[in-house]
Structure formats: C-alpha cells, structure tokens
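As stored in work_38.txt (compact mmCIF, C-alpha atoms (C1' of nucleotides)):
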```txt
# COMPACT_ATOMS: atom_id res chain seq x y z
CA MET A 1 102.33 116.63 76.95
CA LYS A 2 103.00 113.03 77.94
CA LEU A 3 100.35 110.30 78.16
CA ALA A 4 101.18 106.96 79.76
CA THR A 5 99.58 103.61 80.58
CA TRP A 6 100.66 100.96 83.06
CA ASN A 7 99.08 97.73 84.27
CA VAL A 8 100.35 97.75 87.86
CA ASN A 9 98.97 94.34 88.97
CA SER A 10 97.69 95.60 92.34
CA LEU A 11 98.00 99.28 93.26
CA LYS A 12 98.14 98.28 96.92
CA VAL A 13 101.43 96.49 96.31
CA ARG A 14 102.72 98.85 93.63
CA LEU A 15 101.79 102.31 95.00
CA PRO A 16 105.38 103.09 96.10
CA GLN A 17 106.60 102.15 92.62
CA VAL A 18 103.94 104.27 90.92
CA LEU A 19 104.91 107.27 93.06
CA GLN A 20 108.61 106.69 92.38
CA TRP A 21 107.95 106.29 88.67
CA LEU A 22 105.97 109.54 88.55
CA LYS A 23 108.84 111.30 90.28
CA ASP A 24 111.21 110.02 87.59
CA ASN A 25 108.64 110.47 84.79
CA PRO A 26 106.35 113.40 85.59
CA VAL A 27 103.88 112.56 82.81
CA ASP A 28 100.72 114.64 82.40
CA VAL A 29 98.37 111.66 82.35
CA LEU A 30 98.86 108.11 83.66
CA CYS A 31 96.26 105.41 83.08
CA LEU A 32 96.42 102.45 85.45
CA GLN A 33 94.91 98.99 85.10
CA GLU A 34 94.46 96.13 87.56
CA THR A 35 94.36 98.36 90.60
CA LYS A 36 92.49 95.53 92.41
CA LEU A 37 91.08 97.97 94.97
CA THR A 38 87.56 98.94 95.94
CA ASP A 39 87.01 102.70 95.68
CA ASP A 40 86.99 103.17 99.47
CA LYS A 41 90.56 101.83 99.62
CA PHE A 42 91.94 103.91 96.74
CA PRO A 43 95.04 105.90 97.82
CA VAL A 44 93.69 109.34 96.85
CA THR A 45 95.68 111.25 99.47
CA GLU A 46 99.05 109.85 98.44
CA ILE A 47 98.38 110.48 94.75
CA ASN A 48 97.15 114.04 95.37
CA ALA A 49 100.26 114.67 97.46
CA ALA A 50 102.34 113.65 94.45
CA GLY A 51 100.69 116.43 92.46
CA TYR A 52 98.06 114.42 90.60
CA ASN A 53 94.31 114.53 90.39
CA VAL A 54 92.75 111.11 90.08
CA VAL A 55 89.53 109.35 89.10
CA PHE A 56 89.02 105.62 89.46
CA SER A 57 86.62 102.73 89.20
CA GLY A 58 87.49 99.62 91.15
CA GLN A 59 86.24 96.40 92.67
CA LYS A 60 87.45 93.77 95.07
CA THR A 61 90.33 91.46 94.04
CA TYR A 62 90.14 91.88 90.26
CA ASN A 63 90.30 94.53 87.55
CA GLY A 64 90.03 98.21 88.46
CA VAL A 65 91.17 101.24 86.44
CA ALA A 66 92.25 104.79 87.21
CA ILE A 67 93.34 107.99 85.46
CA LEU A 68 95.92 110.22 87.15
CA SER A 69 96.43 113.73 85.81
CA ARG A 70 98.42 116.87 86.54
CA HIS A 71 95.61 118.83 84.87
CA GLU A 72 91.93 119.26 85.57
CA ILE A 73 89.79 116.18 84.93
CA SER A 74 86.25 116.51 83.56
CA ALA A 75 83.40 114.56 81.92
CA VAL A 76 84.22 111.27 83.65
CA ILE A 77 82.48 108.08 82.49
CA LYS A 78 82.93 104.74 84.28
CA LYS A 79 80.69 102.48 82.22
CA ASN A 80 80.33 101.60 78.58
CA PRO A 81 76.75 102.65 77.81
CA TYR A 82 76.66 100.01 75.05
CA PHE A 83 77.82 97.06 77.15
CA GLU A 84 76.51 95.94 80.52
CA ASP A 85 79.45 94.80 82.61
CA GLU A 86 79.89 94.15 86.30
CA GLN A 87 83.65 94.17 85.90
CA GLN A 88 85.38 97.53 86.34
CA ARG A 89 87.49 97.76 83.20
CA LEU A 90 86.84 101.21 81.74
CA ILE A 91 87.14 104.83 82.71
CA ALA A 92 87.14 107.88 80.46
CA ALA A 93 87.70 111.58 81.06
CA THR A 94 88.55 114.80 79.26
CA ILE A 95 91.92 116.35 80.15
CA ALA A 96 93.50 119.41 78.53
CA GLY A 97 91.17 119.09 75.54
CA ILE A 98 92.03 115.42 74.97
CA ARG A 99 89.48 112.66 75.47
CA ILE A 100 91.27 109.93 77.44
CA VAL A 101 89.92 106.39 77.59
CA CYS A 102 91.61 103.94 80.00
CA ALA A 103 90.80 100.31 79.23
CA TYR A 104 91.62 96.98 80.80
CA VAL A 105 90.59 94.52 78.12
CA VAL A 106 89.47 91.04 79.20
CA ASN A 107 92.25 88.45 79.25
CA GLY A 108 90.21 85.58 77.83
CA GLN A 109 92.18 82.77 79.48
CA GLU A 110 91.92 80.24 76.63
CA VAL A 111 90.76 80.39 73.03
CA GLY A 112 87.23 79.02 72.78
CA SER A 113 86.49 79.31 76.51
CA GLU A 114 83.57 81.21 78.02
CA LYS A 115 85.98 83.97 79.06
CA TYR A 116 87.22 84.16 75.46
CA GLN A 117 83.67 84.69 74.20
CA TYR A 118 83.24 87.38 76.84
CA LYS A 119 86.47 89.02 75.64
CA LEU A 120 85.23 89.20 72.05
CA LYS A 121 81.83 90.52 73.13
CA TRP A 122 83.48 93.06 75.40
CA LEU A 123 85.65 94.27 72.52
CA LYS A 124 82.59 94.57 70.30
CA GLY A 125 80.92 96.70 72.97
CA LEU A 126 84.07 98.82 73.24
CA HIS A 127 84.05 99.28 69.47
CA GLU A 128 80.46 100.47 69.54
CA TRP A 129 81.19 103.00 72.26
CA LEU A 130 84.48 104.22 70.75
CA ALA A 131 82.72 104.78 67.43
CA GLU A 132 80.65 107.38 69.22
CA GLU A 133 83.60 108.81 71.17
CA CYS A 134 85.49 109.21 67.88
CA THR A 135 82.74 111.30 66.34
CA SER A 136 82.32 113.54 69.41
CA HIS A 137 86.05 113.94 70.23
CA SER A 138 88.54 114.58 67.42
CA GLN A 139 91.40 114.37 69.94
CA LEU A 140 90.98 110.88 71.35
CA ALA A 141 93.54 108.62 73.04
CA VAL A 142 92.66 105.08 74.10
CA LEU A 143 95.29 103.75 76.49
CA GLY A 144 95.49 100.47 78.29
CA ASP A 145 96.16 96.79 78.56
CA TYR A 146 94.52 95.36 75.43
CA ASN A 147 95.61 91.79 76.11
CA ILE A 148 96.23 91.47 72.36
CA ALA A 149 99.57 91.41 70.55
CA PRO A 150 98.77 93.12 67.21
CA GLY A 151 101.28 91.26 65.04
CA ASP A 152 103.91 88.54 65.12
CA ARG A 153 106.68 91.09 65.66
CA ASP A 154 104.97 91.82 68.98
CA VAL A 155 105.50 88.22 70.14
CA HIS A 156 108.81 86.74 71.30
CA ASP A 157 108.06 83.34 69.76
CA PRO A 158 105.29 83.62 67.16
CA ALA A 159 105.43 79.91 66.28
CA ALA A 160 104.87 78.82 69.88
CA TRP A 161 102.10 81.40 70.36
CA LYS A 162 100.34 80.85 67.04
CA GLY A 163 96.57 80.73 67.55
CA GLN A 164 96.89 81.09 71.32
CA ILE A 165 95.16 83.53 73.62
CA LEU A 166 96.37 87.17 73.19
CA VAL A 167 97.39 86.38 69.62
CA SER A 168 94.46 84.55 67.95
CA GLU A 169 93.02 85.90 64.72
CA PRO A 170 89.59 86.88 66.13
CA GLU A 171 91.31 88.94 68.85
CA ARG A 172 93.60 90.61 66.33
CA ALA A 173 90.63 91.29 64.07
CA ALA A 174 88.79 92.93 66.98
CA LEU A 175 91.79 95.19 67.59
CA GLN A 176 91.94 95.99 63.88
CA ASP A 177 88.25 96.96 64.04
CA LEU A 178 89.15 99.53 66.70
CA LEU A 179 91.96 100.88 64.51
CA ASN A 180 89.54 101.10 61.59
CA LEU A 181 87.55 103.67 63.55
CA GLY A 182 90.41 106.03 62.70
CA LEU A 183 92.91 105.21 65.42
CA GLU A 184 96.61 104.38 65.15
CA ASP A 185 99.00 102.43 67.37
CA ALA A 186 101.28 105.23 68.64
CA PHE A 187 104.19 102.84 69.14
CA ARG A 188 104.32 101.94 65.44
CA LEU A 189 104.35 105.54 64.27
CA PHE A 190 108.10 105.42 64.95
CA ASP A 191 111.09 103.19 64.33
CA GLN A 192 111.38 100.82 67.28
CA PRO A 193 113.90 98.23 68.40
CA GLU A 194 113.10 94.66 67.39
CA LYS A 195 111.61 92.49 70.13
CA SER A 196 109.97 95.39 71.95
CA PHE A 197 107.52 94.06 74.51
CA SER A 198 105.39 95.47 77.35
CA TRP A 199 104.68 92.28 79.33
CA TRP A 200 106.88 89.39 80.45
CA ASP A 201 105.80 86.30 82.36
CA TYR A 202 107.01 86.17 85.95
CA ARG A 203 108.00 82.56 85.29
CA GLN A 204 110.81 81.09 83.20
CA LEU A 205 113.08 84.15 83.61
CA GLY A 206 110.68 85.80 81.14
CA PHE A 207 112.07 89.30 81.50
CA ARG A 208 115.76 88.36 81.64
CA LEU A 209 115.36 86.31 78.47
CA ASN A 210 113.07 88.98 76.95
CA LYS A 211 110.34 86.41 76.39
CA GLY A 212 107.51 88.90 76.19
CA LEU A 213 104.54 90.25 74.33
CA ARG A 214 103.52 93.77 73.37
CA ILE A 215 99.94 93.97 74.63
CA ASP A 216 99.79 97.45 76.21
CA HIS A 217 98.95 100.11 73.68
CA ILE A 218 98.20 103.77 73.13
CA LEU A 219 95.79 104.31 70.24
CA LEU A 220 95.52 107.85 68.90
CA SER A 221 93.01 109.60 66.65
CA HIS A 222 94.40 111.30 63.53
CA SER A 223 94.45 114.74 65.16
CA LEU A 224 96.66 113.35 67.92
CA VAL A 225 98.80 111.30 65.52
CA LYS A 226 99.76 114.60 63.90
CA ARG A 227 100.85 115.94 67.30
CA CYS A 228 102.63 112.77 68.43
CA THR A 229 106.43 113.01 68.47
CA GLY A 230 107.38 109.76 70.20
CA CYS A 231 106.26 106.58 71.91
CA VAL A 232 108.39 104.35 74.13
CA ILE A 233 108.12 101.41 76.49
CA ASP A 234 109.90 102.06 79.80
CA ARG A 235 111.46 98.76 80.89
CA ILE A 236 113.15 100.26 83.94
CA PRO A 237 110.44 99.55 86.55
CA ARG A 238 110.25 95.93 85.35
CA LYS A 239 113.78 95.60 86.79
CA TRP A 240 112.79 96.85 90.24
CA GLU A 241 112.21 94.59 93.23
CA GLN A 242 108.73 93.03 93.25
CA PRO A 243 107.74 94.52 89.88
CA SER A 244 104.50 94.48 87.95
CA ASP A 245 104.71 92.03 85.05
CA HIS A 246 103.87 94.95 82.71
CA ALA A 247 105.99 97.96 81.76
CA PRO A 248 104.64 101.49 81.24
CA VAL A 249 104.13 102.86 77.72
CA ILE A 250 104.52 106.61 77.15
CA ALA A 251 103.43 108.76 74.20
CA THR A 252 104.61 112.33 73.74
CA ILE A 253 102.16 114.83 72.25
CA ASP A 254 103.32 118.29 71.11
C1' DA B 1 106.68 66.24 79.83
C1' DT B 2 105.00 69.37 83.17
C1' DG B 3 105.21 73.61 85.21
C1' DG B 4 108.10 76.73 86.94
C1' DC B 5 105.42 83.28 89.36
C1' DC B 6 102.56 86.76 91.63
C1' DT B 7 98.24 88.59 93.99
C1' DC B 8 94.16 87.97 96.54
C1' DG B 9 91.13 85.98 99.88
C1' DG B 10 91.51 83.62 103.46
C1' DT B 11 93.72 79.68 105.31
C1' DT B 12 98.04 76.75 104.61
C1' DC B 13 95.28 76.10 98.59
C1' DG B 14 92.58 77.62 94.49
C1' DA B 15 91.46 81.08 91.08
C1' DG B 16 93.00 84.24 87.83
C1' DG B 17 96.26 86.47 85.27
C1' DA B 18 98.80 86.32 80.30
```
For the file at hand, write its structure as structure tokens.
Amino acid sequence: MKLATWNVNSLKVRLPQVLQWLKDNPVDVLCLQETKLTDDKFPVTEINAAGYNVVFSGQKTYNGVAILSRHEISAVIKKNPYFEDEQQRLIAATIAGIRIVCAYVVNGQEVGSEKYQYKLKWLKGLHEWLAEECTSHSQLAVLGDYNIAPGDRDVHDPAAWKGQILVSEPERAALQDLLNLGLEDAFRLFDQPEKSFSWWDYRQLGFRLNKGLRIDHILLSHSLVKRCTGCVIDRIPRKWEQPSDHAPVIATID
DNA sequence: ATGGCCTCGGTTCGAGGA
C-alpha cells in the first residue's frame, strides 16, 4: 500500500504530469493540494480513466484539495467542524481501513502578518479536529503541504531562514502539537540523505542548487508507523518541463 | 542592494505563493 501527497500548483496546468506520474508510480492513494479549480471544472473523467476514484473540494484561483484512490472511498469530510473556513484546504476520507486526511496548511506570508495569525489559528483548529480523528481512527494518515519545515535539517540555509515564515518557532510548535497527538513524521522513521527537500523556489535556480525546504509531510498514527516500511521524496517530476515547485512524497505501508 | 518565477484573473499588472 502506497500513500502519496503532492502540491501540484494548479491541477489545470499539471493534470498531464499527474497522470504521467501515476502511470510511473501507481500509488494506492494520492493527496493533491493547490488544485486551484472549482468543483465543476475538476477533471473527474480523466482521473477515473486512469483507474482512480476521486473526491475533491475546490474554489476559484486559490487552494483546493483532492484525494485520488485506487480503492473505494467512504466517509468523506470537506470541512473542519471545529474551524469555520471559507478556504478549501481540507478533505478527509476512509480508504482500505485507513483514515486519510489531506491538508493544505495556510502559507502565512510573513511572520506577524494577519495571514500568519490565520495560519496559527488554522493549525489550532486542525489540532482540535485531529485530536478527535485520532481517537476514532487508530489507523490515521495526515498528508499534505504543511508549509512548515520541522527542523533546521529541513532547510537549505537555516541561518538565512532563521525566524522566517515556514520556519518560525510558533509554526514549529504548532506542528509539534500535531505530533504530540500520537503522530510521527514518516520521512524521519528512516535514514535519509542530507539536504532532502520537497519544495524549491522557482527563482534563483532553486532546484538546480538544491536550495529547498522540506514542508510536505506524511504524518502517521502509531498503528501505521508499525506498518510503514519506507518514505521517499520523488524529485523526478520537479525536473520535468513546467513543473510544480513541490515534489511528491510517498510512504509505503505493509 | 534588490529581486530574479509561476499561476490566475483579466488585461498588458497585481496578488499570492513559499
């Protein structure tokens, strides 16, 4: 069983790449973020034709999330019952006995800004909801773009980024609060190469110089940690023409 | 020193992303 997450930065632009990637990597579940499509424009037919069921929650221009699955999808939730939000950033479903949560965490723009306050509040609301999901689902996986680099080893230049957005202590503390619910960062269950990142700026030759951050994560409950046999970042599609700025992350569950 | 790219909406630029 393979679970994956990928911020595609517009599914309209990236659909051919998503379909190609699924051909090369026929994962069981793929969570997408930043689809940037209203639900009436979602490419259901193309995704079904590729052998995947799909549920989604989108809006115009910004945000938007989806879960693709080779297996039956049930018990879909598109809103955090503990946090009122007009932005479409969450979708959850049960697939093959695993509770899957797909999250596109707020970016926050700049430490101290209004958007930053919204990010911290949003994360608090997520925490409240996941606390409940943890108690009702022992097999829980929370996949997505967290817009937080957990530690300095997840940052290409920790000195330059110190205290900045995606790295600031309150953001890291909010992520740690999620982990304290009984979740673990699947990527760090295993030995990994140094300077492993999941996002690189389009500017400044970010990818070629590997100036990146690891901000896309798969968090697993203890029952799933026991079943997890690997977690990798797939840098290949970041090398394609007109790529997303994020790379997919894949966890393997026995 | 600054900003350097990409997407969208909708016009020829601004907002947002990270």
Quiz prompt | Distance in Å - CA of Cys102 (chain A) versus CA of Leu143 (chain A) | solution =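 Between CA of Cys102 (chain A) and CA of Leu143 (chain A) the gap is 5.1 Å.
The nearest approach to DG16 (chain B) among the residues A:Lys115, A:Lys79, A:Arg89, A:Lys211, with only C-alpha atoms (C1' of nucleotides) taken into account, belongs to A:Lys115.
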Exercise. Return as a PyMOL selection string the residues belonging to chain A that are within 8 Å of chain B, counting only C-alpha atoms (C1' of nucleotides).
Key: chain A and resi 9-10+61+107+109+147+166+201-204
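Going from CA of Pro237 (chain A) over to CA of Ile67 (chain A), you cover 19.1 Å.
With only C-alpha atoms as the atoms that count, the minimum distance from Val29 (chain A) to the choices A:Ala186, A:Leu219, A:Leu126, A:Leu68 is reached by A:Leu68.
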Quiz item: Could you state the separation of CA of Glu132 (chain A) and CA of Asp39 (chain A) in Å, given to one decimal place?
Solution: 27.6 Å
Quiz item: Between A:Trp161, A:Phe197, A:Phe83, A:Trp122, which one has atoms that come closest to Pro248 (chain A), using all atoms listed in the file?
Solution: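 Ranked by minimum distance to Pro248 (chain A), first place goes to A:Phe197.
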Quiz prompt | Shortest interatomic distance to Lys124 (chain A) - which of A:Ser74, A:Asn53, A:Gln176, A:Gln87, counting all atoms listed in the file | solution = A:Gln176
Find the axis-aligned box for region 141-147 of chain A, covering all its listed atoms and adding 4 Å on each side, and write its centre and edge lengths in Å to one decimal as AutoDock Vina command-line options.
```
--center_x 94.4 --center_y 100.2 --center_z 75.8 --size_x 11.5 --size_y 24.8 --size_z 13.5
```
Exercise. Anything within 6 Å of (92.1, 108.3, 68.7): list those residues as a list in words, counting all atoms listed in the file and sticking to the file's coordinates.
Key: Leu140, Ala141, Leu183, Leu219, Leu220 and Ser221 of chain A
Return region 1-37 of chain A, completed with N, CA and C atoms, as a PDB file, keeping the file's coordinate frame.
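selection-v4.pdb, written as the output of this step:
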```pdb
ATOM      1  N   MET A   1     103.405 117.421  76.316  1.00  0.00           N
ATOM      2  CA  MET A   1     102.330 116.630  76.950  1.00  0.00           C
ATOM      3  C   MET A   1     102.675 115.147  76.820  1.00  0.00           C
ATOM      4  N   LYS A   2     102.692 114.455  77.967  1.00  0.00           N
ATOM      5  CA  LYS A   2     103.000 113.030  77.940  1.00  0.00           C
ATOM      6  C   LYS A   2     101.827 112.238  78.513  1.00  0.00           C
ATOM      7  N   LEU A   3     101.430 111.203  77.750  1.00  0.00           N
ATOM      8  CA  LEU A   3     100.350 110.300  78.160  1.00  0.00           C
ATOM      9  C   LEU A   3     100.954 108.927  78.369  1.00  0.00           C
ATOM     10  N   ALA A   4     100.586 108.267  79.479  1.00  0.00           N
ATOM     11  CA  ALA A   4     101.180 106.960  79.760  1.00  0.00           C
ATOM     12  C   ALA A   4     100.125 105.969  80.229  1.00  0.00           C
ATOM     13  N   THR A   5     100.450 104.678  80.079  1.00  0.00           N
ATOM     14  CA  THR A   5      99.580 103.610  80.580  1.00  0.00           C
ATOM     15  C   THR A   5     100.442 102.546  81.234  1.00  0.00           C
ATOM     16  N   TRP A   6      99.897 101.970  82.324  1.00  0.00           N
ATOM     17  CA  TRP A   6     100.660 100.960  83.060  1.00  0.00           C
ATOM     18  C   TRP A   6      99.701 100.018  83.782  1.00  0.00           C
ATOM     19  N   ASN A   7      99.789  98.746  83.487  1.00  0.00           N
ATOM     20  CA  ASN A   7      99.080  97.730  84.270  1.00  0.00           C
ATOM     21  C   ASN A   7      99.968  97.430  85.475  1.00  0.00           C
ATOM     22  N   VAL A   8      99.504  97.825  86.660  1.00  0.00           N
ATOM     23  CA  VAL A   8     100.350  97.750  87.860  1.00  0.00           C
ATOM     24  C   VAL A   8     100.189  96.435  88.638  1.00  0.00           C
ATOM     25  N   ASN A   9      99.199  95.615  88.270  1.00  0.00           N
ATOM     26  CA  ASN A   9      98.970  94.340  88.970  1.00  0.00           C
ATOM     27  C   ASN A   9      98.951  94.534  90.481  1.00  0.00           C
ATOM     28  N   SER A  10      97.936  95.250  90.931  1.00  0.00           N
ATOM     29  CA  SER A  10      97.690  95.600  92.340  1.00  0.00           C
ATOM     30  C   SER A  10      98.331  96.943  92.717  1.00  0.00           C
ATOM     31  N   LEU A  11      97.503  97.960  92.859  1.00  0.00           N
ATOM     32  CA  LEU A  11      98.000  99.280  93.260  1.00  0.00           C
ATOM     33  C   LEU A  11      98.394  99.275  94.742  1.00  0.00           C
ATOM     34  N   LYS A  12      97.779  98.387  95.503  1.00  0.00           N
ATOM     35  CA  LYS A  12      98.140  98.280  96.920  1.00  0.00           C
ATOM     36  C   LYS A  12      99.626  97.920  97.037  1.00  0.00           C
ATOM     37  N   VAL A  13     100.033  96.918  96.275  1.00  0.00           N
ATOM     38  CA  VAL A  13     101.430  96.490  96.310  1.00  0.00           C
ATOM     39  C   VAL A  13     102.332  97.501  95.608  1.00  0.00           C
ATOM     40  N   ARG A  14     101.839  98.074  94.507  1.00  0.00           N
ATOM     41  CA  ARG A  14     102.720  98.850  93.630  1.00  0.00           C
ATOM     42  C   ARG A  14     102.696 100.350  93.871  1.00  0.00           C
ATOM     43  N   LEU A  15     101.879 100.846  94.811  1.00  0.00           N
ATOM     44  CA  LEU A  15     101.790 102.310  95.000  1.00  0.00           C
ATOM     45  C   LEU A  15     103.165 102.975  95.165  1.00  0.00           C
ATOM     46  N   PRO A  16     104.067 102.433  95.978  1.00  0.00           N
ATOM     47  CA  PRO A  16     105.380 103.090  96.100  1.00  0.00           C
ATOM     48  C   PRO A  16     106.108 103.171  94.757  1.00  0.00           C
ATOM     49  N   GLN A  17     105.944 102.142  93.932  1.00  0.00           N
ATOM     50  CA  GLN A  17     106.600 102.150  92.620  1.00  0.00           C
ATOM     51  C   GLN A  17     105.946 103.166  91.687  1.00  0.00           C
ATOM     52  N   VAL A  18     104.637 103.280  91.765  1.00  0.00           N
ATOM     53  CA  VAL A  18     103.940 104.270  90.920  1.00  0.00           C
ATOM     54  C   VAL A  18     104.407 105.675  91.307  1.00  0.00           C
ATOM     55  N   LEU A  19     104.496 105.944  92.607  1.00  0.00           N
ATOM     56  CA  LEU A  19     104.910 107.270  93.060  1.00  0.00           C
ATOM     57  C   LEU A  19     106.367 107.545  92.660  1.00  0.00           C
ATOM     58  N   GLN A  20     107.206 106.535  92.796  1.00  0.00           N
ATOM     59  CA  GLN A  20     108.610 106.690  92.380  1.00  0.00           C
ATOM     60  C   GLN A  20     108.699 106.942  90.876  1.00  0.00           C
ATOM     61  N   TRP A  21     107.918 106.162  90.129  1.00  0.00           N
ATOM     62  CA  TRP A  21     107.950 106.290  88.670  1.00  0.00           C
ATOM     63  C   TRP A  21     107.486 107.682  88.228  1.00  0.00           C
ATOM     64  N   LEU A  22     106.461 108.200  88.905  1.00  0.00           N
ATOM     65  CA  LEU A  22     105.970 109.540  88.550  1.00  0.00           C
ATOM     66  C   LEU A  22     106.993 110.620  88.899  1.00  0.00           C
ATOM     67  N   LYS A  23     107.759 110.372  89.940  1.00  0.00           N
ATOM     68  CA  LYS A  23     108.840 111.300  90.280  1.00  0.00           C
ATOM     69  C   LYS A  23     109.878 111.334  89.156  1.00  0.00           C
ATOM     70  N   ASP A  24     110.216 110.145  88.660  1.00  0.00           N
ATOM     71  CA  ASP A  24     111.210 110.020  87.590  1.00  0.00           C
ATOM     72  C   ASP A  24     110.633 110.416  86.234  1.00  0.00           C
ATOM     73  N   ASN A  25     109.313 110.227  86.088  1.00  0.00           N
ATOM     74  CA  ASN A  25     108.640 110.470  84.790  1.00  0.00           C
ATOM     75  C   ASN A  25     107.375 111.277  85.038  1.00  0.00           C
ATOM     76  N   PRO A  26     107.526 112.587  85.216  1.00  0.00           N
ATOM     77  CA  PRO A  26     106.350 113.400  85.590  1.00  0.00           C
ATOM     78  C   PRO A  26     105.404 113.607  84.399  1.00  0.00           C
ATOM     79  N   VAL A  27     104.792 112.509  83.952  1.00  0.00           N
ATOM     80  CA  VAL A  27     103.880 112.560  82.810  1.00  0.00           C
ATOM     81  C   VAL A  27     102.640 113.378  83.178  1.00  0.00           C
ATOM     82  N   ASP A  28     101.943 113.857  82.159  1.00  0.00           N
ATOM     83  CA  ASP A  28     100.720 114.640  82.400  1.00  0.00           C
ATOM     84  C   ASP A  28      99.558 113.741  82.778  1.00  0.00           C
ATOM     85  N   VAL A  29      99.486 112.590  82.106  1.00  0.00           N
ATOM     86  CA  VAL A  29      98.370 111.660  82.350  1.00  0.00           C
ATOM     87  C   VAL A  29      98.941 110.245  82.477  1.00  0.00           C
ATOM     88  N   LEU A  30      98.483 109.528  83.511  1.00  0.00           N
ATOM     89  CA  LEU A  30      98.860 108.110  83.660  1.00  0.00           C
ATOM     90  C   LEU A  30      97.599 107.279  83.873  1.00  0.00           C
ATOM     91  N   CYS A  31      97.381 106.347  82.960  1.00  0.00           N
ATOM     92  CA  CYS A  31      96.260 105.410  83.080  1.00  0.00           C
ATOM     93  C   CYS A  31      96.757 104.133  83.739  1.00  0.00           C
ATOM     94  N   LEU A  32      96.032 103.672  84.750  1.00  0.00           N
ATOM     95  CA  LEU A  32      96.420 102.450  85.450  1.00  0.00           C
ATOM     96  C   LEU A  32      95.359 101.373  85.229  1.00  0.00           C
ATOM     97  N   GLN A  33      95.829 100.128  85.156  1.00  0.00           N
ATOM     98  CA  GLN A  33      94.910  98.990  85.100  1.00  0.00           C
ATOM     99  C   GLN A  33      95.291  97.975  86.192  1.00  0.00           C
ATOM    100  N   GLU A  34      94.319  97.139  86.513  1.00  0.00           N
ATOM    101  CA  GLU A  34      94.460  96.130  87.560  1.00  0.00           C
ATOM    102  C   GLU A  34      94.868  96.742  88.890  1.00  0.00           C
ATOM    103  N   THR A  35      94.120  97.764  89.288  1.00  0.00           N
ATOM    104  CA  THR A  35      94.360  98.360  90.600  1.00  0.00           C
ATOM    105  C   THR A  35      93.945  97.394  91.714  1.00  0.00           C
ATOM    106  N   LYS A  36      92.948  96.567  91.462  1.00  0.00           N
ATOM    107  CA  LYS A  36      92.490  95.530  92.410  1.00  0.00           C
ATOM    108  C   LYS A  36      92.091  96.107  93.767  1.00  0.00           C
ATOM    109  N   LEU A  37      91.493  97.305  93.734  1.00  0.00           N
ATOM    110  CA  LEU A  37      91.080  97.970  94.970  1.00  0.00           C
ATOM    111  C   LEU A  37      89.643  98.453  94.849  1.00  0.00           C
TER     112      LEU A  37
END
```
